[in-house]
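For reference, start.txt is printed below; it contains compact mmCIF, C-alpha atoms.
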# COMPACT_ATOMS: atom_id res chain seq x y z
CA MET G 299 -8.57 23.91 -10.54
CA ALA G 300 -5.20 22.24 -10.95
CA LYS G 301 -3.82 19.88 -13.60
CA VAL G 302 -2.72 16.75 -11.74
CA LEU G 303 -0.54 13.75 -12.60
CA VAL G 304 -1.52 10.70 -10.51
CA VAL G 305 1.24 8.14 -9.87
CA ASP G 306 0.49 4.78 -8.24
CA ASP G 307 1.20 1.20 -9.29
CA ALA G 308 -2.33 0.10 -8.30
CA ALA G 309 -4.99 0.85 -10.92
CA PHE G 310 -7.55 0.79 -8.11
CA MET G 311 -5.77 3.52 -6.17
CA ARG G 312 -5.31 5.66 -9.29
CA MET G 313 -9.06 5.37 -9.84
CA MET G 314 -9.80 6.36 -6.22
CA ILE G 315 -7.48 9.37 -6.28
CA LYS G 316 -8.77 10.46 -9.68
CA ASP G 317 -12.35 10.30 -8.38
CA ILE G 318 -11.45 12.44 -5.34
CA LEU G 319 -9.63 15.01 -7.47
CA VAL G 320 -12.32 15.31 -10.13
CA LYS G 321 -15.04 15.70 -7.49
CA GLY G 322 -12.84 18.36 -5.90
CA GLY G 323 -12.79 20.33 -9.15
CA HIS G 324 -9.34 19.32 -10.43
CA GLU G 325 -8.33 17.87 -13.77
CA VAL G 326 -6.31 14.65 -13.94
CA VAL G 327 -4.15 15.14 -17.03
CA GLY G 328 -2.26 11.88 -16.76
CA GLU G 329 -1.57 8.70 -14.82
CA ALA G 330 1.61 6.70 -14.29
CA GLU G 331 2.07 3.20 -12.87
CA ASN G 332 5.67 3.63 -11.69
CA GLY G 333 8.28 6.28 -11.04
CA LYS G 334 10.04 5.89 -14.36
CA VAL G 335 6.85 6.57 -16.32
CA ALA G 336 6.06 9.43 -13.93
CA VAL G 337 9.33 11.22 -14.78
CA GLN G 338 8.59 10.87 -18.49
CA LYS G 339 4.98 12.00 -18.14
CA TYR G 340 5.91 14.99 -16.00
CA GLN G 341 8.17 16.24 -18.80
CA GLU G 342 5.48 15.58 -21.38
CA LEU G 343 2.44 16.97 -19.52
CA MET G 344 3.95 19.59 -17.18
CA PRO G 345 1.18 19.23 -14.56
CA ASP G 346 0.60 21.78 -11.80
CA ILE G 347 1.04 19.07 -9.17
CA VAL G 348 1.74 15.33 -8.76
CA THR G 349 0.38 12.76 -6.30
CA MET G 350 3.14 10.15 -5.90
CA ASP G 351 3.08 6.66 -4.36
CA ILE G 352 6.36 5.40 -2.89
CA THR G 353 6.51 1.59 -3.17
CA MET G 354 6.35 0.90 -6.91
CA PRO G 355 8.16 -1.37 -9.39
CA GLU G 356 10.77 -0.06 -11.87
CA MET G 357 11.41 3.15 -9.91
CA GLU G 358 10.08 3.98 -6.43
CA GLY G 359 8.43 7.29 -5.68
CA ILE G 360 11.14 9.12 -3.76
CA GLU G 361 13.66 8.52 -6.56
CA ALA G 362 11.08 9.73 -9.09
CA LEU G 363 10.51 12.82 -6.91
CA ARG G 364 14.27 13.51 -6.89
CA GLN G 365 14.52 13.15 -10.68
CA ILE G 366 11.51 15.38 -11.35
CA ARG G 367 12.80 18.04 -8.93
CA MET G 368 16.28 17.83 -10.48
CA GLN G 369 14.85 18.68 -13.90
CA HIS G 370 12.09 20.99 -12.61
CA PRO G 371 13.05 22.54 -9.25
CA ALA G 372 9.65 24.21 -8.87
CA ALA G 373 7.73 20.94 -9.32
CA LYS G 374 5.06 20.34 -6.69
CA VAL G 375 4.76 16.75 -5.51
CA ILE G 376 2.64 15.26 -2.73
CA MET G 377 3.53 11.78 -1.52
CA CYS G 378 0.62 9.34 -0.98
CA SER G 379 1.91 6.21 0.72
CA ALA G 380 1.04 3.55 3.27
CA MET G 381 4.57 3.80 4.67
CA GLY G 382 4.02 6.64 7.11
CA GLN G 383 6.91 6.11 9.51
CA GLN G 384 8.78 9.23 10.50
CA GLY G 385 11.97 8.32 8.64
CA MET G 386 10.12 7.93 5.34
CA VAL G 387 8.27 11.23 5.78
CA VAL G 388 11.51 13.07 6.56
CA GLN G 389 13.23 11.47 3.55
CA ALA G 390 10.38 12.58 1.26
CA ILE G 391 10.27 16.14 2.59
CA GLN G 392 14.07 16.44 2.31
CA ALA G 393 13.77 15.31 -1.32
CA GLY G 394 11.35 18.15 -1.96
CA ALA G 395 7.86 16.75 -1.33
CA LYS G 396 5.29 19.39 -0.38
CA ASP G 397 3.29 17.07 1.85
CA PHE G 398 2.88 13.43 2.86
CA VAL G 399 -0.57 11.80 2.90
CA VAL G 400 -0.76 8.40 4.60
CA LYS G 401 -3.01 5.69 3.12
CA PRO G 402 -5.80 4.92 3.68
CA PHE G 403 -6.88 8.55 3.45
CA GLN G 404 -10.09 10.54 3.49
CA SER G 405 -10.88 12.62 0.41
CA ASP G 406 -10.76 15.84 2.46
CA ARG G 407 -7.18 15.12 3.47
CA VAL G 408 -6.09 14.81 -0.17
CA LEU G 409 -7.89 17.95 -1.28
CA GLU G 410 -6.55 19.95 1.68
CA SER G 411 -3.04 18.81 0.86
CA LEU G 412 -3.41 19.92 -2.76
CA ALA G 413 -4.84 23.29 -1.76
CA LYS G 414 -1.98 23.86 0.67
CA ALA G 415 0.71 22.86 -1.84
CA LEU G 416 -0.78 24.98 -4.60
CA GLY G 417 -0.90 27.96 -2.26
CA MET D 40 13.58 -17.50 10.52
CA SER D 41 13.74 -16.94 14.25
CA ARG D 42 10.56 -17.37 16.23
CA ASP D 43 11.05 -13.92 17.77
CA ILE D 44 11.11 -12.21 14.36
CA ARG D 45 8.12 -14.23 13.16
CA ASP D 46 6.06 -13.39 16.24
CA LEU D 47 7.08 -9.72 16.08
CA LEU D 48 6.02 -9.51 12.43
CA LEU D 49 2.70 -11.25 13.08
CA SER D 50 1.83 -8.99 16.00
CA SER D 51 2.85 -5.89 14.02
CA VAL D 52 0.68 -6.96 11.05
CA CYS D 53 -2.29 -7.45 13.42
CA ASP D 54 -1.73 -4.00 14.94
CA SER D 55 -1.61 -2.48 11.47
CA MET D 56 -4.83 -4.25 10.48
CA ARG D 57 -6.60 -2.83 13.52
CA ASN D 58 -5.56 0.65 12.38
CA VAL D 59 -6.76 0.09 8.81
CA ILE D 60 -9.96 -1.94 9.17
CA PRO D 61 -12.76 -0.24 11.12
CA ARG D 62 -14.20 -3.49 12.50
CA PRO D 63 -13.27 -5.71 15.44
CA ILE D 64 -10.98 -8.58 14.64
CA ALA D 65 -13.15 -10.92 16.63
CA HIS D 66 -10.93 -13.93 16.81
CA SER D 67 -7.49 -15.02 15.76
CA GLU D 68 -5.77 -18.32 16.01
CA PRO D 69 -2.38 -19.65 14.98
CA MET D 70 -2.45 -21.98 12.00
CA PRO D 71 -1.00 -25.26 13.25
CA GLY D 72 1.50 -27.47 11.52
CA ASN D 73 4.42 -26.70 9.27
CA HIS D 74 2.83 -27.11 5.89
CA LEU D 75 0.48 -25.14 3.67
CA GLU D 76 -0.19 -26.23 0.11
CA SER D 77 -1.86 -23.32 -1.64
CA VAL D 78 -3.47 -19.92 -1.34
CA ASP D 79 -7.23 -19.34 -1.18
CA GLU D 80 -9.32 -17.75 -3.98
CA LEU D 81 -7.25 -14.57 -3.94
CA GLY D 82 -3.87 -13.88 -2.39
CA VAL D 83 -1.32 -11.08 -2.35
CA ALA D 84 2.38 -11.54 -1.56
CA ILE D 85 4.70 -8.86 -0.28
CA ARG D 86 8.28 -9.07 0.98
CA PHE D 87 9.69 -7.33 4.03
CA ALA D 88 13.33 -6.53 3.32
CA ASN D 89 16.11 -6.96 5.87
CA PRO D 90 16.34 -6.92 8.82
CA ILE D 91 12.99 -8.77 8.72
CA GLY D 92 13.90 -10.69 5.56
CA MET D 93 10.71 -12.66 5.01
CA SER D 94 7.67 -12.71 2.79
CA MET D 95 4.00 -12.53 3.69
CA ILE D 96 0.89 -13.68 1.86
CA MET D 97 -2.54 -12.42 2.85
CA ASP D 98 -5.32 -14.46 1.30
CA GLY D 99 -9.01 -15.24 1.49
CA GLU D 100 -12.20 -15.47 -0.54
CA ARG D 101 -12.83 -12.84 -3.19
CA ARG D 102 -16.01 -11.72 -1.42
CA MET D 103 -13.98 -11.13 1.76
CA PHE D 104 -11.69 -8.71 -0.11
CA SER D 105 -14.74 -7.06 -1.68
CA LYS D 106 -16.30 -6.49 1.75
CA MET D 107 -12.98 -5.17 3.02
CA SER D 108 -12.89 -2.74 0.08
CA GLU D 109 -16.32 -1.51 1.11
CA MET D 110 -15.16 -1.06 4.72
CA VAL D 111 -11.91 0.72 3.91
CA PHE D 112 -12.73 2.62 0.70
CA GLY D 113 -16.52 2.88 0.81
CA MET D 114 -17.30 0.72 -2.21
CA PRO D 115 -17.27 -3.00 -3.00
CA MET D 116 -15.17 -4.10 -5.97
CA GLU D 117 -15.29 -7.01 -8.37
CA GLY D 118 -13.39 -8.40 -11.36
CA GLU D 119 -9.96 -7.04 -12.25
CA MET D 120 -10.48 -3.94 -10.12
CA LEU D 121 -10.97 -6.21 -7.08
CA ASP D 122 -7.57 -7.80 -7.83
CA SER D 123 -5.97 -4.34 -7.84
CA CYS D 124 -7.92 -3.33 -4.73
CA ALA D 125 -6.76 -6.46 -2.87
CA GLN D 126 -3.15 -5.61 -3.73
CA GLU D 127 -3.66 -2.09 -2.41
CA ILE D 128 -5.29 -3.29 0.82
CA VAL D 129 -2.36 -5.62 1.52
CA ASN D 130 0.08 -2.86 0.53
CA ILE D 131 -1.59 -0.52 3.03
CA ILE D 132 -1.52 -3.15 5.79
CA ALA D 133 2.14 -3.94 5.05
CA GLY D 134 3.02 -0.24 4.88
CA GLY D 135 1.28 0.27 8.22
CA THR D 136 3.23 -2.69 9.54
CA THR D 137 6.51 -0.94 8.72
CA THR D 138 5.24 2.05 10.70
CA VAL D 139 4.45 -0.22 13.69
CA LEU D 140 7.87 -1.86 13.37
CA SER D 141 9.51 1.56 13.21
CA GLY D 142 7.91 2.37 16.56
CA ARG D 143 9.54 -0.79 17.89
CA GLY D 144 12.96 0.29 16.66
CA ILE D 145 13.08 -1.72 13.42
CA ALA D 146 13.42 0.01 10.04
CA ALA D 147 12.01 -2.25 7.33
CA ASP D 148 11.16 -1.66 3.69
CA ILE D 149 8.61 -3.53 1.57
CA THR D 150 8.42 -4.60 -2.06
CA PRO D 151 5.47 -3.83 -4.33
CA PRO D 152 2.65 -6.40 -3.88
CA THR D 153 2.29 -9.41 -6.18
CA LEU D 154 -1.10 -10.91 -7.00
CA LEU D 155 -1.44 -14.68 -6.52
CA ASN D 156 -4.13 -16.58 -8.37
CA ALA D 157 -6.39 -19.14 -6.71
CA SER D 158 -4.56 -22.27 -5.64
CA ALA D 159 -1.07 -20.88 -6.32
CA SER D 160 1.42 -23.09 -4.52
CA VAL D 161 3.12 -21.91 -1.33
CA GLU D 162 6.74 -22.75 -0.55
CA GLY D 163 8.69 -22.06 2.61
CA TYR D 164 5.70 -21.90 4.94
CA GLU D 165 6.78 -20.87 8.43
CA GLY D 166 3.50 -20.12 10.16
CA GLY D 167 0.62 -17.72 10.27
CA LEU D 168 -2.71 -16.65 11.64
CA ALA D 169 -6.32 -16.94 10.54
CA LEU D 170 -8.19 -13.77 11.46
CA ASN D 171 -11.97 -13.55 11.63
CA ILE D 172 -12.90 -9.96 10.92
CA GLU D 173 -16.41 -8.96 11.94
CA GLU D 174 -18.71 -8.39 8.94
CA VAL D 175 -15.83 -9.07 6.55
CA GLY D 176 -14.81 -12.73 6.81
CA THR D 177 -11.65 -14.73 7.34
CA MET D 178 -8.26 -13.52 6.17
CA ARG D 179 -5.09 -15.56 6.56
CA ILE D 180 -1.67 -14.10 7.23
CA ILE D 181 0.95 -16.55 5.94
CA LEU D 182 4.66 -16.04 6.59
CA LEU D 183 7.29 -17.54 4.32
CA SER D 184 10.95 -18.05 5.01
CA SER D 185 12.18 -16.87 1.61
CA ASN D 186 11.32 -15.09 -1.68
Spell out the structure here as structure tokens.
Amino acid sequence: MAKVLVVDDAAFMRMMIKDILVKGGHEVVGEAENGKVAVQKYQELMPDIVTMDITMPEMEGIEALRQIRMQHPAAKVIMCSAMGQQGMVVQAIQAGAKDFVVKPFQSDRVLESLAKALG
Amino acid sequence: MSRDIRDLLLSSVCDSMRNVIPRPIAHSEPMPGNHLESVDELGVAIRFANPIGMSMIMDGERRMFSKMSEMVFGMPMEGEMLDSCAQEIVNIIAGGTTTVLSGRGIAADITPPTLLNASASVEGYEGGLALNIEEVGTMRIILLSSN
């Protein structure tokens, strides 16, 4: 079981991801509605892993990923985004993302991604 | 807005919808004229940054978005959670559209979605499509020249 921070600007999507994670035996220790809040909550909660949307107000997900990894180089972050074009995936992986899950996703895909990232 | 860009965006949005929604899009037709006064019961706006440089509204009845939620996510939604779900559905379609555009050699970014209440006014209407999605209902794709 991992402690997870769920980051997405849509309350609906946070609810969906939380449901998948809890049913998969994980604990959602926090939620954030944009990248700026995610950076703050990561510092506060120190989760085992983060699911991170990309297109969000205030601060988008790849910038939040960079800031979290700058402060915590071992941070594990999985991107969950509808923008699955190759350039975006490459940008996220280069910034330190462990995986990239394209929306809409099946619950198995999310849980497999977490398991792989957590090793 | 050039007609080529408008048509490219519309066709890319339709391709993205076919990837996201597991039902036939039974019929589509261009919305005639050069004027549209307001959105339907529920609408979501999103902007495609340059080089596309235009905004899109997807709108329809609330029950249409609820049925779409059931198709895509396995559960119907209502109330405030339906509003959030509608934003996410349009965000997913728009995100998929950027992937389709990327395959056509165009790199485009999108803004976060904005919820539009029933009867919100529409400015800068450039054209669009009304799509009849089997077992879901009618969704309009409305393209705007600015904002």
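When the distance limit is 8 Å and all atoms listed in the file are what count, the residues near range 377-389 of chain G, minus those fewer than 2 positions from it on the same chain, are Thr349, Met350, Asp351, Ile352, Thr353, Gly359, Ile360, Val375, Ile391, Gln392, Ala393, Ala395, Lys396, Asp397, Phe398, Val399, Val400, Lys401 and Pro402 of chain G; Asn130, Ile131, Ile132, Ala133, Gly134, Gly135, Thr137, Thr138, Val139 and Ser141 of chain D.
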### Task
Extract, using all atoms listed in the file, all DNA, RNA and protein residues at most 8 Å from Gly99 in chain D, discarding same-chain residues fewer than 6 positions from it, and format them as a list in words.
Val78, Asp79, Glu80, Leu81, Gly82, Thr177, Met178 and Arg179 of chain D
### Task
Find the distance between CA of Leu363 in chain G and CA of Ala309 in chain G and write it in Å to one decimal.
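These atoms are spaced 20.0 Å apart.
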### Message
Please list, as a count of residues only, the residues that have an atom at most 10 Å away from (-14.7, 3.8, 1.3) in the coordinates of this file, counting all atoms listed in the file.
### Response
14
### Task
Write out as a PyMOL selection string which residues come within 9 Å of Ile315 in chain G when counting all atoms listed in the file, dropping same-chain ones fewer than 4 positions away.
chain G and resi 304+310-311+319-320+349+405+408
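Coordinates place CA of Gly144 in chain D at a distance of 25.2 Å from CA of Pro69 in chain D.
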### Query
Which one is closest to chain G: D:Ser77, D:Ser50, D:Ser67, D:Gln126? Count only C-alpha atoms.
D:Gln126
Restore N, CA and C atoms in range 107-130 of chain D and list the result as a PDB file, in the coordinates of the input.
ATOM      1  N   MET D 107     -14.020  -6.006   2.413  1.00  0.00           N
ATOM      2  CA  MET D 107     -12.980  -5.170   3.020  1.00  0.00           C
ATOM      3  C   MET D 107     -12.824  -3.859   2.232  1.00  0.00           C
ATOM      4  N   SER D 108     -12.944  -3.946   0.913  1.00  0.00           N
ATOM      5  CA  SER D 108     -12.890  -2.740   0.080  1.00  0.00           C
ATOM      6  C   SER D 108     -14.006  -1.775   0.471  1.00  0.00           C
ATOM      7  N   GLU D 109     -15.185  -2.339   0.719  1.00  0.00           N
ATOM      8  CA  GLU D 109     -16.320  -1.510   1.110  1.00  0.00           C
ATOM      9  C   GLU D 109     -16.068  -0.835   2.461  1.00  0.00           C
ATOM     10  N   MET D 110     -15.448  -1.596   3.379  1.00  0.00           N
ATOM     11  CA  MET D 110     -15.160  -1.060   4.720  1.00  0.00           C
ATOM     12  C   MET D 110     -14.106   0.053   4.663  1.00  0.00           C
ATOM     13  N   VAL D 111     -13.070  -0.195   3.895  1.00  0.00           N
ATOM     14  CA  VAL D 111     -11.910   0.720   3.910  1.00  0.00           C
ATOM     15  C   VAL D 111     -12.106   1.885   2.942  1.00  0.00           C
ATOM     16  N   PHE D 112     -12.660   1.587   1.743  1.00  0.00           N
ATOM     17  CA  PHE D 112     -12.730   2.620   0.700  1.00  0.00           C
ATOM     18  C   PHE D 112     -14.154   3.065   0.369  1.00  0.00           C
ATOM     19  N   GLY D 113     -15.146   2.431   0.991  1.00  0.00           N
ATOM     20  CA  GLY D 113     -16.520   2.880   0.810  1.00  0.00           C
ATOM     21  C   GLY D 113     -17.240   2.288  -0.376  1.00  0.00           C
ATOM     22  N   MET D 114     -16.598   1.357  -1.090  1.00  0.00           N
ATOM     23  CA  MET D 114     -17.300   0.720  -2.210  1.00  0.00           C
ATOM     24  C   MET D 114     -16.786  -0.696  -2.432  1.00  0.00           C
ATOM     25  N   PRO D 115     -17.707  -1.633  -2.698  1.00  0.00           N
ATOM     26  CA  PRO D 115     -17.270  -3.000  -3.000  1.00  0.00           C
ATOM     27  C   PRO D 115     -16.696  -3.047  -4.413  1.00  0.00           C
ATOM     28  N   MET D 116     -15.780  -3.971  -4.652  1.00  0.00           N
ATOM     29  CA  MET D 116     -15.170  -4.100  -5.970  1.00  0.00           C
ATOM     30  C   MET D 116     -15.395  -5.515  -6.495  1.00  0.00           C
ATOM     31  N   GLU D 117     -15.247  -5.677  -7.785  1.00  0.00           N
ATOM     32  CA  GLU D 117     -15.290  -7.010  -8.370  1.00  0.00           C
ATOM     33  C   GLU D 117     -14.405  -7.037  -9.616  1.00  0.00           C
ATOM     34  N   GLY D 118     -14.181  -8.242 -10.131  1.00  0.00           N
ATOM     35  CA  GLY D 118     -13.390  -8.400 -11.360  1.00  0.00           C
ATOM     36  C   GLY D 118     -11.944  -7.964 -11.183  1.00  0.00           C
ATOM     37  N   GLU D 119     -11.373  -7.429 -12.268  1.00  0.00           N
ATOM     38  CA  GLU D 119      -9.960  -7.040 -12.250  1.00  0.00           C
ATOM     39  C   GLU D 119      -9.693  -5.916 -11.244  1.00  0.00           C
ATOM     40  N   MET D 120     -10.678  -5.037 -11.065  1.00  0.00           N
ATOM     41  CA  MET D 120     -10.480  -3.940 -10.120  1.00  0.00           C
ATOM     42  C   MET D 120     -10.413  -4.465  -8.685  1.00  0.00           C
ATOM     43  N   LEU D 121     -11.094  -5.587  -8.404  1.00  0.00           N
ATOM     44  CA  LEU D 121     -10.970  -6.210  -7.080  1.00  0.00           C
ATOM     45  C   LEU D 121      -9.551  -6.743  -6.887  1.00  0.00           C
ATOM     46  N   ASP D 122      -8.965  -7.322  -7.930  1.00  0.00           N
ATOM     47  CA  ASP D 122      -7.570  -7.800  -7.830  1.00  0.00           C
ATOM     48  C   ASP D 122      -6.648  -6.638  -7.445  1.00  0.00           C
ATOM     49  N   SER D 123      -6.811  -5.507  -8.130  1.00  0.00           N
ATOM     50  CA  SER D 123      -5.970  -4.340  -7.840  1.00  0.00           C
ATOM     51  C   SER D 123      -6.256  -3.804  -6.435  1.00  0.00           C
ATOM     52  N   CYS D 124      -7.529  -3.814  -6.063  1.00  0.00           N
ATOM     53  CA  CYS D 124      -7.920  -3.330  -4.730  1.00  0.00           C
ATOM     54  C   CYS D 124      -7.307  -4.212  -3.635  1.00  0.00           C
ATOM     55  N   ALA D 125      -7.336  -5.535  -3.854  1.00  0.00           N
ATOM     56  CA  ALA D 125      -6.760  -6.460  -2.870  1.00  0.00           C
ATOM     57  C   ALA D 125      -5.266  -6.189  -2.698  1.00  0.00           C
ATOM     58  N   GLN D 126      -4.581  -5.938  -3.818  1.00  0.00           N
ATOM     59  CA  GLN D 126      -3.150  -5.610  -3.730  1.00  0.00           C
ATOM     60  C   GLN D 126      -2.944  -4.341  -2.909  1.00  0.00           C
ATOM     61  N   GLU D 127      -3.813  -3.361  -3.126  1.00  0.00           N
ATOM     62  CA  GLU D 127      -3.660  -2.090  -2.410  1.00  0.00           C
ATOM     63  C   GLU D 127      -3.949  -2.261  -0.929  1.00  0.00           C
ATOM     64  N   ILE D 128      -4.973  -3.061  -0.597  1.00  0.00           N
ATOM     65  CA  ILE D 128      -5.290  -3.290   0.820  1.00  0.00           C
ATOM     66  C   ILE D 128      -4.092  -3.936   1.524  1.00  0.00           C
ATOM     67  N   VAL D 129      -3.509  -4.947   0.897  1.00  0.00           N
ATOM     68  CA  VAL D 129      -2.360  -5.620   1.520  1.00  0.00           C
ATOM     69  C   VAL D 129      -1.159  -4.672   1.575  1.00  0.00           C
ATOM     70  N   ASN D 130      -0.995  -3.864   0.525  1.00  0.00           N
ATOM     71  CA  ASN D 130       0.080  -2.860   0.530  1.00  0.00           C
ATOM     72  C   ASN D 130      -0.090  -1.876   1.685  1.00  0.00           C
TER      73      ASN D 130
END
